[in-house]
$ cat work31.cif   # mmCIF, C-alpha atoms and all ligand atoms
data_final
#
loop_
_atom_site.label_atom_id
_atom_site.label_comp_id
_atom_site.auth_asym_id
_atom_site.auth_seq_id
_atom_site.Cartn_x
_atom_site.Cartn_y
_atom_site.Cartn_z
CA MET A 1 21.43 -2.56 -2.08
CA THR A 2 19.19 0.06 -3.74
CA ALA A 3 17.41 -0.24 -7.05
CA MET A 4 16.71 3.49 -7.34
CA THR A 5 18.78 6.09 -9.09
CA GLU A 6 19.26 9.56 -7.59
CA GLU A 7 16.95 10.89 -10.30
CA GLU A 8 14.18 8.40 -9.47
CA ARG A 9 14.48 9.30 -5.80
CA TRP A 10 14.16 12.99 -6.70
CA TYR A 11 10.96 12.33 -8.66
CA PHE A 12 9.54 10.28 -5.80
CA GLN A 13 10.31 13.07 -3.37
CA HIS A 14 8.65 15.69 -5.61
CA ASN A 15 5.81 13.78 -7.27
CA GLY A 16 5.19 11.22 -4.53
CA PHE A 17 5.13 7.99 -6.54
CA HIS A 18 7.36 5.50 -8.33
CA ARG A 19 6.83 2.33 -10.34
CA VAL A 20 9.14 -0.57 -9.41
CA ARG A 21 11.10 -1.63 -12.50
CA GLN A 22 10.57 -5.37 -12.13
CA ASN A 23 7.20 -7.09 -12.04
CA LEU A 24 6.32 -10.08 -9.86
CA PRO A 25 7.08 -13.48 -11.42
CA GLU A 26 4.20 -15.40 -13.00
CA ASP A 27 4.43 -18.37 -10.60
CA LEU A 28 3.98 -16.09 -7.57
CA LEU A 29 1.10 -14.25 -9.26
CA ARG A 30 -0.63 -17.56 -9.94
CA ARG A 31 -0.33 -18.56 -6.24
CA LEU A 32 -1.54 -15.14 -5.09
CA ASN A 33 -4.57 -15.34 -7.35
CA GLU A 34 -5.36 -18.91 -6.28
CA ALA A 35 -5.27 -17.93 -2.60
CA THR A 36 -7.43 -14.90 -3.40
CA ASP A 37 -9.93 -16.99 -5.45
CA GLY A 38 -10.37 -19.30 -2.42
CA ALA A 39 -10.83 -16.45 0.07
CA ILE A 40 -13.41 -14.74 -2.16
CA ALA A 41 -15.32 -17.98 -2.94
CA ASP A 42 -15.66 -18.77 0.79
CA CYS A 43 -16.04 -15.09 1.82
CA VAL A 44 -13.34 -15.62 4.48
CA GLU A 45 -13.59 -12.81 7.03
CA PRO A 46 -12.45 -10.13 7.66
CA VAL A 47 -14.12 -8.76 4.54
CA VAL A 48 -15.27 -5.28 3.47
CA TRP A 49 -18.40 -5.57 1.33
CA GLU A 50 -19.36 -3.43 -1.63
CA ASP A 51 -22.68 -2.46 -0.12
CA GLY A 52 -23.35 -4.21 3.16
CA PRO A 53 -22.66 -7.83 4.18
CA THR A 54 -24.56 -9.96 1.64
CA GLY A 55 -22.36 -13.06 2.10
CA ARG A 56 -22.07 -13.33 -1.71
CA PRO A 57 -18.57 -13.69 -3.28
CA GLU A 58 -19.45 -11.19 -6.04
CA ASP A 59 -19.93 -8.48 -3.40
CA VAL A 60 -16.50 -8.81 -1.76
CA ARG A 61 -14.84 -5.41 -2.17
CA ARG A 62 -11.81 -5.97 0.05
CA LEU A 63 -10.12 -8.83 1.91
CA SER A 64 -8.50 -7.56 5.11
CA GLU A 65 -5.56 -8.95 7.13
CA VAL A 66 -4.20 -10.58 4.04
CA LEU A 67 -0.63 -11.20 5.27
CA SER A 68 -1.77 -13.91 7.66
CA ARG A 69 -4.04 -15.62 5.12
CA ASP A 70 -1.47 -17.41 2.94
CA PRO A 71 2.37 -17.48 2.79
CA ALA A 72 2.25 -16.24 -0.82
CA TYR A 73 1.16 -12.77 0.36
CA LEU A 74 4.16 -12.37 2.68
CA GLU A 75 6.39 -13.67 -0.10
CA ALA A 76 5.05 -10.95 -2.41
CA ALA A 77 5.56 -8.34 0.32
CA GLN A 78 9.22 -9.38 0.49
CA HIS A 79 9.83 -9.68 -3.25
CA PRO A 80 13.51 -8.65 -3.58
CA PRO A 81 13.08 -5.97 -6.33
CA LEU A 82 10.37 -4.35 -4.19
CA LEU A 83 12.57 -4.35 -1.07
CA ASP A 84 15.59 -3.11 -3.05
CA THR A 85 13.51 -0.16 -4.25
CA LEU A 86 12.10 0.54 -0.78
CA GLU A 87 15.64 0.60 0.56
CA GLY A 88 16.31 3.50 -1.81
CA LEU A 89 13.43 5.42 -0.20
CA LEU A 90 13.54 4.32 3.42
CA GLY A 91 17.16 3.37 4.08
CA PRO A 92 18.60 0.00 5.04
CA ASN A 93 16.16 -0.95 7.84
CA VAL A 94 12.64 -1.47 6.54
CA GLU A 95 9.51 -2.64 8.35
CA LEU A 96 6.22 -3.91 6.97
CA LEU A 97 3.20 -2.83 9.05
CA THR A 98 0.44 -5.31 9.76
CA ASN A 99 -1.86 -2.69 11.33
CA LYS A 100 -2.06 -0.42 8.25
CA HIS A 101 -3.44 -1.44 4.81
CA ASN A 102 -2.60 -5.18 4.82
CA HIS A 103 -5.49 -5.87 2.44
CA ILE A 104 -6.48 -6.84 -1.09
CA MET A 105 -8.79 -4.58 -3.04
CA VAL A 106 -10.90 -7.01 -5.06
CA ARG A 107 -12.91 -4.34 -6.90
CA PRO A 108 -15.53 -6.66 -8.45
CA PRO A 109 -17.46 -5.65 -11.61
CA GLY A 110 -19.39 -2.43 -10.91
CA SER A 111 -17.29 -1.74 -7.79
CA LEU A 112 -17.92 1.79 -6.57
CA PRO A 113 -15.14 4.43 -6.48
CA VAL A 114 -12.52 4.56 -3.76
CA TYR A 115 -13.16 8.10 -2.54
CA TRP A 116 -10.40 10.68 -2.43
CA HIS A 117 -8.20 10.36 0.59
CA ALA A 118 -4.66 10.71 1.88
CA GLY A 119 -3.60 7.87 4.16
CA GLU A 120 -1.40 9.89 6.50
CA GLU A 121 -0.93 13.47 7.55
CA THR A 122 2.03 15.28 5.99
CA TRP A 123 3.71 15.68 9.37
CA ASP A 124 3.73 11.93 10.06
CA PRO A 125 6.91 9.94 9.41
CA THR A 126 7.00 8.80 5.79
CA LEU A 127 4.93 5.75 5.15
CA VAL A 128 5.31 4.20 1.72
CA THR A 129 2.30 2.39 0.31
CA ALA A 130 2.90 -0.44 -2.17
CA LEU A 131 0.17 -1.57 -4.54
CA ILE A 132 0.96 -5.01 -5.97
CA TYR A 133 -1.25 -5.78 -8.95
CA LEU A 134 -2.68 -9.30 -9.13
CA GLU A 135 -4.60 -8.25 -12.26
CA GLU A 136 -4.12 -5.56 -14.85
CA SER A 137 -5.47 -2.16 -13.83
CA THR A 138 -6.86 0.07 -16.57
CA LEU A 139 -8.91 3.23 -17.05
CA ASP A 140 -11.96 1.01 -17.66
CA ASN A 141 -11.66 -1.08 -14.50
CA GLY A 142 -11.02 1.89 -12.21
CA CYS A 143 -7.27 2.27 -11.89
CA ILE A 144 -5.86 4.40 -9.11
CA ARG A 145 -5.57 8.17 -9.65
CA LEU A 146 -2.82 10.00 -7.75
CA VAL A 147 -2.45 13.72 -7.14
CA PRO A 148 1.26 14.36 -7.80
CA GLY A 149 2.94 16.54 -5.17
CA SER A 150 -0.04 16.52 -2.81
CA HIS A 151 2.12 14.99 -0.03
CA HIS A 152 3.87 18.41 0.19
CA ARG A 153 0.74 20.45 0.79
CA PRO A 154 1.48 23.27 3.25
CA PHE A 155 -2.25 23.99 3.52
CA ARG A 156 -4.68 22.06 5.70
CA GLN A 157 -7.01 19.64 3.97
CA PRO A 158 -9.08 16.95 5.64
CA ARG A 159 -7.53 13.57 4.87
CA ARG A 160 -10.97 12.30 3.83
CA PRO A 161 -12.74 15.28 2.27
CA GLY A 162 -15.92 13.31 1.38
CA GLY A 163 -18.31 14.43 -1.35
CA ALA A 164 -18.87 13.02 -4.81
CA TRP A 165 -15.91 11.36 -6.51
CA GLU A 166 -16.43 12.98 -9.90
CA GLN A 167 -17.12 16.51 -8.61
CA SER A 168 -14.07 16.75 -6.38
CA GLU A 169 -11.32 19.23 -7.20
CA TRP A 170 -8.92 16.33 -6.60
CA LEU A 171 -10.17 14.69 -9.80
CA SER A 172 -8.99 17.56 -12.00
CA ARG A 173 -5.61 17.59 -10.23
CA SER A 174 -5.07 13.85 -10.48
CA LEU A 175 -3.39 11.52 -12.95
CA PRO A 176 -4.61 7.98 -13.71
CA VAL A 177 -1.92 5.34 -13.20
CA PRO A 178 -2.79 2.17 -15.16
CA MET A 179 -0.62 -0.79 -14.13
CA PRO A 180 0.16 -4.21 -15.64
CA ARG A 181 -0.58 -7.53 -13.92
CA GLY A 182 2.40 -8.13 -11.64
CA GLY A 183 3.37 -4.44 -11.53
CA VAL A 184 4.22 -2.69 -8.24
CA LEU A 185 3.40 0.96 -7.59
CA LEU A 186 4.88 2.84 -4.62
CA PHE A 187 3.59 6.14 -3.29
CA ASN A 188 4.00 8.43 -0.30
CA ASP A 189 0.91 7.63 1.77
CA ALA A 190 0.28 11.35 2.38
CA CYS A 191 -0.42 11.75 -1.38
CA PHE A 192 -4.11 12.18 -2.21
CA HIS A 193 -5.50 9.30 -4.25
CA GLY A 194 -8.68 7.53 -5.21
CA ALA A 195 -9.93 5.04 -7.79
CA ASP A 196 -12.81 5.19 -10.25
CA ILE A 197 -15.77 2.83 -10.63
CA ASN A 198 -15.00 -0.54 -12.23
CA ARG A 199 -16.88 -0.42 -15.56
CA THR A 200 -15.83 -3.89 -16.78
CA ASP A 201 -17.19 -7.37 -16.12
CA GLY A 202 -13.95 -8.55 -14.48
CA SER A 203 -12.42 -7.81 -11.10
CA ARG A 204 -9.37 -5.57 -10.53
CA ARG A 205 -7.30 -7.04 -7.71
CA SER A 206 -4.41 -5.32 -6.02
CA MET A 207 -2.70 -5.87 -2.70
CA THR A 208 -2.10 -2.78 -0.52
CA LEU A 209 0.83 -2.79 1.91
CA ALA A 210 2.52 -0.23 4.15
CA TYR A 211 6.25 0.13 4.80
CA ARG A 212 8.24 2.45 7.05
CA ALA A 213 11.84 2.99 7.99
CA HIS A 214 12.53 1.20 11.26
CA ASP A 215 12.30 3.85 13.96
CA THR A 216 15.72 3.87 15.61
CA HIS A 217 14.18 5.52 18.69
CA ASP A 218 11.65 2.75 19.27
CA VAL A 219 12.60 1.20 22.59
CA ASP A 220 10.40 -1.84 21.97
CA LYS A 221 12.28 -3.74 19.28
CA GLN A 222 9.88 -6.68 19.20
CA ASP A 223 6.68 -4.83 18.33
CA PRO A 224 4.54 -7.65 16.90
CA VAL A 225 2.63 -5.37 14.50
CA LYS A 226 5.82 -4.64 12.52
CA ILE A 227 7.65 -7.24 10.45
CA LEU A 228 11.31 -6.46 9.79
CA VAL A 229 11.74 -7.21 6.08
CA ARG A 230 15.18 -5.68 5.48
CA GLY A 231 18.18 -4.78 7.64
CA GLN A 232 18.13 -4.70 11.41
CA ARG A 233 16.50 -3.06 14.42
CA THR A 234 19.02 -0.60 15.75
CA TYR A 235 18.84 1.77 18.71
CA THR A 236 20.45 5.20 18.60
CA GLY A 237 18.52 7.06 21.29
CA HIS A 238 19.80 8.33 24.63
CA PRO A 239 17.89 6.46 27.33
CA HIS A 240 18.70 7.06 30.94
CA PRO A 241 19.87 4.78 32.32
CA PHE A 242 21.39 3.04 29.28
CA PRO A 243 20.19 -0.57 28.96
CA GLY A 244 22.38 -2.74 31.20
CA GLU A 245 23.77 0.24 33.14
CA ALA A 246 23.60 -0.06 36.92
CA VAL A 247 21.44 2.59 38.61
CA SER A 248 23.23 3.88 41.68
O1 LIG B 301 -6.50 1.02 -6.32
C1 LIG B 301 -7.40 1.08 -5.48
O2 LIG B 301 -8.42 0.39 -5.57
C2 LIG B 301 -7.25 2.02 -4.33
C3 LIG B 301 -6.24 1.52 -3.38
C4 LIG B 301 -6.35 2.23 -2.08
O3 LIG B 301 -6.53 3.41 -1.99
C5 LIG B 301 -6.22 1.42 -0.87
O4 LIG B 301 -6.10 0.19 -0.95
O5 LIG B 301 -6.24 2.02 0.25
#
$ encode --input "work31.cif" --output "structure tokens"
Amino acid sequence: MTAMTEEERWYFQHNGFHRVRQNLPEDLLRRLNEATDGAIADCVEPVVWEDGPTGRPEDVRRLSEVLSRDPAYLEAAQHPPLLDTLEGLLGPNVELLTNKHNHIMVRPPGSLPVYWHAGEETWDPTLVTALIYLEESTLDNGCIRLVPGSHHRPFRQPRRPGGAWEQSEWLSRSLPVPMPRGGVLLFNDACFHGADINRTDGSRRSMTLAYRAHDTHDVDKQDPVKILVRGQRTYTGHPHPFPGEAVS
């Protein structure tokens, strides 16, 4: 099943992003936020700190390896409207990567910008990033800014150009994308993006996940870093000898 129209798919292909029509249910959001409250309060590693490891909850910028922390995170990653939409972009066999993203951006008050970057190179197989918002994301608390169409760039650009956030040419090319609590934003991971400083006294939590079409040429079908979340692991390559074939 796909929850995307042909028109929505066209915009995703050209602009590089799409907002899932249905938000996460309130009960799941409450459980996600409770699990996140606990992990922040106890500074459960692995953690990325705002400015060096202080051991203080208010300095937790990011919680890594989130999928193994609490079942609620995997439930959110498999939320049916999200998977239905991903199926429209990636086909019937979809895998969730545990070795890419797999984190929660906590973005505490005063949190510094997320500098401009593209996750993948344009020649890599399409990786779709999902941002699942545990809290509302606004211009004031440093919502993500995406550079529409930048996943098509035929010119070379370093994936992490560095330099000051506000002086980068990417800023003038970008669009802010505020999102509601419970909203889900998808984008082509080769799209340039960044996020501004959090100027409020609250946090701005979102979960970042990575999905890919199952690679039909992968010989190893039980790769533990990929979780099959939709469809099946098929094989359409031409190995020699074919599995099960006697070698004479
Ligand atoms: O919205 C944000 O804080 C930026 C998200 C992001 O770029 C990431 O999680 O890699």
$ residues_around --input "work31.cif" --residues "Ser137 (chain A)" --least-positions-apart "6" --cutoff "9 Å" --atoms "only C-alpha atoms" --output "PyMOL selection string"
chain A and resi 143-144+177-181+204-206
$ residues_near_ligand --input "work31.cif" --ligand "ligand LIG 301 (chain B)" --cutoff "6 Å" --atoms "all atoms listed in the file" --output "NGL selection string"
:A and (105 or 114 or 143-144 or 194-195 or 208)
$ residues_around --input "work31.cif" --residues "Asp215 (chain A)" --least-positions-apart "3" --cutoff "9 Å" --atoms "only C-alpha atoms" --output "list in words"
Asn93, Arg212, Asp218, Arg233, Thr234 and Tyr235 of chain A
$ write_last_selection --input "work31.cif" --atoms "C-alpha atoms" --output "CSV table (one decimal), keeping the file's coordinate frame"
chain,number,residue,atom,x,y,z
A,93,ASN,CA,16.2,-1.0,7.8
A,212,ARG,CA,8.2,2.4,7.0
A,218,ASP,CA,11.6,2.8,19.3
A,233,ARG,CA,16.5,-3.1,14.4
A,234,THR,CA,19.0,-0.6,15.8
A,235,TYR,CA,18.8,1.8,18.7
$ residues_near_point --input "work31.cif" --point "(16.1, -2.4, 6.0)" --cutoff "12 Å" --atoms "only C-alpha atoms" --output "number ranges by chain"
A: 1-2, 78, 80, 82-96, 211-216, 227-234
$ atom_distance --input "work31.cif" --atom1 "CA of Asp220 (chain A)" --atom2 "CA of Val128 (chain A)"
21.7 Å
$ closest_residue --input "work31.cif" --among "A:Cys43, A:Ala210, A:Val48, A:Leu175" --to "Ala130 (chain A)" --atoms "only C-alpha atoms"
A:Ala210
$ residues_near_point --input "work31.cif" --point "(9.4, 11.4, -1.6)" --cutoff "12 Å" --atoms "all atoms listed in the file" --output "mmCIF file with C-alpha atoms, in the frame of the given file"
data_model
loop_
_atom_site.group_PDB
_atom_site.id
_atom_site.type_symbol
_atom_site.label_atom_id
_atom_site.label_comp_id
_atom_site.auth_asym_id
_atom_site.auth_seq_id
_atom_site.Cartn_x
_atom_site.Cartn_y
_atom_site.Cartn_z
ATOM 1 C CA GLU A 6 19.260 9.560 -7.590
ATOM 2 C CA GLU A 7 16.950 10.890 -10.300
ATOM 3 C CA GLU A 8 14.180 8.400 -9.470
ATOM 4 C CA ARG A 9 14.480 9.300 -5.800
ATOM 5 C CA TRP A 10 14.160 12.990 -6.700
ATOM 6 C CA TYR A 11 10.960 12.330 -8.660
ATOM 7 C CA PHE A 12 9.540 10.280 -5.800
ATOM 8 C CA GLN A 13 10.310 13.070 -3.370
ATOM 9 C CA HIS A 14 8.650 15.690 -5.610
ATOM 10 C CA ASN A 15 5.810 13.780 -7.270
ATOM 11 C CA GLY A 16 5.190 11.220 -4.530
ATOM 12 C CA PHE A 17 5.130 7.990 -6.540
ATOM 13 C CA HIS A 18 7.360 5.500 -8.330
ATOM 14 C CA LEU A 86 12.100 0.540 -0.780
ATOM 15 C CA GLY A 88 16.310 3.500 -1.810
ATOM 16 C CA LEU A 89 13.430 5.420 -0.200
ATOM 17 C CA LEU A 90 13.540 4.320 3.420
ATOM 18 C CA THR A 122 2.030 15.280 5.990
ATOM 19 C CA PRO A 125 6.910 9.940 9.410
ATOM 20 C CA THR A 126 7.000 8.800 5.790
ATOM 21 C CA LEU A 127 4.930 5.750 5.150
ATOM 22 C CA VAL A 128 5.310 4.200 1.720
ATOM 23 C CA THR A 129 2.300 2.390 0.310
ATOM 24 C CA PRO A 148 1.260 14.360 -7.800
ATOM 25 C CA GLY A 149 2.940 16.540 -5.170
ATOM 26 C CA SER A 150 -0.040 16.520 -2.810
ATOM 27 C CA HIS A 151 2.120 14.990 -0.030
ATOM 28 C CA HIS A 152 3.870 18.410 0.190
ATOM 29 C CA LEU A 186 4.880 2.840 -4.620
ATOM 30 C CA PHE A 187 3.590 6.140 -3.290
ATOM 31 C CA ASN A 188 4.000 8.430 -0.300
ATOM 32 C CA ASP A 189 0.910 7.630 1.770
ATOM 33 C CA ALA A 190 0.280 11.350 2.380
ATOM 34 C CA CYS A 191 -0.420 11.750 -1.380
#
$ atom_distance --input "work31.cif" --atom1 "CA of Met207 (chain A)" --atom2 "CA of Ile132 (chain A)"
5.0 Å
$ atom_distance --input "work31.cif" --atom1 "CA of Val20 (chain A)" --atom2 "CA of Arg62 (chain A)"
23.6 Å
$ closest_residue --input "work31.cif" --among "A:Gly38, A:Pro154, A:Gly119, A:Pro109" --to "Asp70 (chain A)" --atoms "only C-alpha atoms"
A:Gly38
$ closest_residue --input "work31.cif" --among "A:Gln157, A:Arg107, A:Gly142, A:Tyr133" --to "Ile40 (chain A)" --atoms "all atoms listed in the file"
A:Arg107
$ closest_residue --input "work31.cif" --among "A:Gly182, A:Pro108, A:Gly162, A:Pro53" --to "Arg21 (chain A)" --atoms "all atoms listed in the file"
A:Gly182
$ residues_around --input "work31.cif" --residues "Glu26 (chain A)" --least-positions-apart "5" --cutoff "12 Å" --atoms "all atoms listed in the file" --output "PyMOL selection string"
chain A and resi 31-33+76+133-135+181-183
$ closest_residue --input "work31.cif" --among "A:Glu50, A:Arg153, A:His238, A:Leu67" --to "Lys100 (chain A)" --atoms "all atoms listed in the file"
A:Leu67
$ residues_around --input "work31.cif" --residues "Ala118 (chain A)" --least-positions-apart "2" --cutoff "8 Å" --atoms "all atoms listed in the file" --output "ChimeraX atom specification"
/A:116,120-121,159-160,189-193
$ closest_residue --input "work31.cif" --among "A:Thr36, A:Ser174, A:Asn99, A:Thr138" --to "Pro71 (chain A)" --atoms "only C-alpha atoms"
A:Thr36
$ decode --input "work31.cif" --residues "region 8-23 of chain A" --atoms "N, CA and C atoms" --output "mmCIF file, in the first residue's frame"
data_model
loop_
_atom_site.group_PDB
_atom_site.id
_atom_site.type_symbol
_atom_site.label_atom_id
_atom_site.label_comp_id
_atom_site.auth_asym_id
_atom_site.auth_seq_id
_atom_site.Cartn_x
_atom_site.Cartn_y
_atom_site.Cartn_z
ATOM 1 N N GLU A 8 2.609 13.947 -5.325
ATOM 2 C CA GLU A 8 3.476 14.072 -4.142
ATOM 3 C C GLU A 8 4.846 13.443 -4.414
ATOM 4 N N ARG A 9 4.827 12.327 -5.097
ATOM 5 C CA ARG A 9 6.100 11.666 -5.431
ATOM 6 C C ARG A 9 6.945 12.570 -6.341
ATOM 7 N N TRP A 10 6.283 13.228 -7.270
ATOM 8 C CA TRP A 10 6.991 14.143 -8.187
ATOM 9 C C TRP A 10 7.652 15.270 -7.389
ATOM 10 N N TYR A 11 6.891 15.840 -6.441
ATOM 11 C CA TYR A 11 7.477 16.935 -5.641
ATOM 12 C C TYR A 11 8.644 16.429 -4.796
ATOM 13 N N PHE A 12 8.504 15.229 -4.251
ATOM 14 C CA PHE A 12 9.613 14.680 -3.463
ATOM 15 C C PHE A 12 10.836 14.511 -4.350
ATOM 16 N N GLN A 13 10.607 14.002 -5.555
ATOM 17 C CA GLN A 13 11.757 13.778 -6.443
ATOM 18 C C GLN A 13 12.435 15.098 -6.816
ATOM 19 N N HIS A 14 11.644 16.154 -7.008
ATOM 20 C CA HIS A 14 12.219 17.442 -7.423
ATOM 21 C C HIS A 14 12.717 18.277 -6.243
ATOM 22 N N ASN A 15 11.889 18.386 -5.200
ATOM 23 C CA ASN A 15 12.242 19.268 -4.083
ATOM 24 C C ASN A 15 13.053 18.544 -3.011
ATOM 25 N N GLY A 16 12.803 17.231 -2.879
ATOM 26 C CA GLY A 16 13.607 16.455 -1.931
ATOM 27 C C GLY A 16 12.973 16.233 -0.583
ATOM 28 N N PHE A 17 11.738 16.725 -0.357
ATOM 29 C CA PHE A 17 11.144 16.481 0.966
ATOM 30 C C PHE A 17 9.629 16.322 0.864
ATOM 31 N N HIS A 18 9.064 15.767 1.930
ATOM 32 C CA HIS A 18 7.621 15.500 1.950
ATOM 33 C C HIS A 18 7.185 15.394 3.407
ATOM 34 N N ARG A 19 6.012 15.942 3.704
ATOM 35 C CA ARG A 19 5.469 15.803 5.059
ATOM 36 C C ARG A 19 4.401 14.706 5.054
ATOM 37 N N VAL A 20 4.573 13.715 5.936
ATOM 38 C CA VAL A 20 3.603 12.617 6.046
ATOM 39 C C VAL A 20 2.264 13.205 6.491
ATOM 40 N N ARG A 21 1.177 12.720 5.887
ATOM 41 C CA ARG A 21 -0.131 13.353 6.143
ATOM 42 C C ARG A 21 -0.623 13.143 7.559
ATOM 43 N N GLN A 22 -0.332 11.978 8.138
ATOM 44 C CA GLN A 22 -0.859 11.678 9.475
ATOM 45 C C GLN A 22 0.214 11.821 10.536
ATOM 46 N N ASN A 23 -0.170 12.451 11.659
ATOM 47 C CA ASN A 23 0.769 12.593 12.770
ATOM 48 C C ASN A 23 0.758 11.337 13.645
#
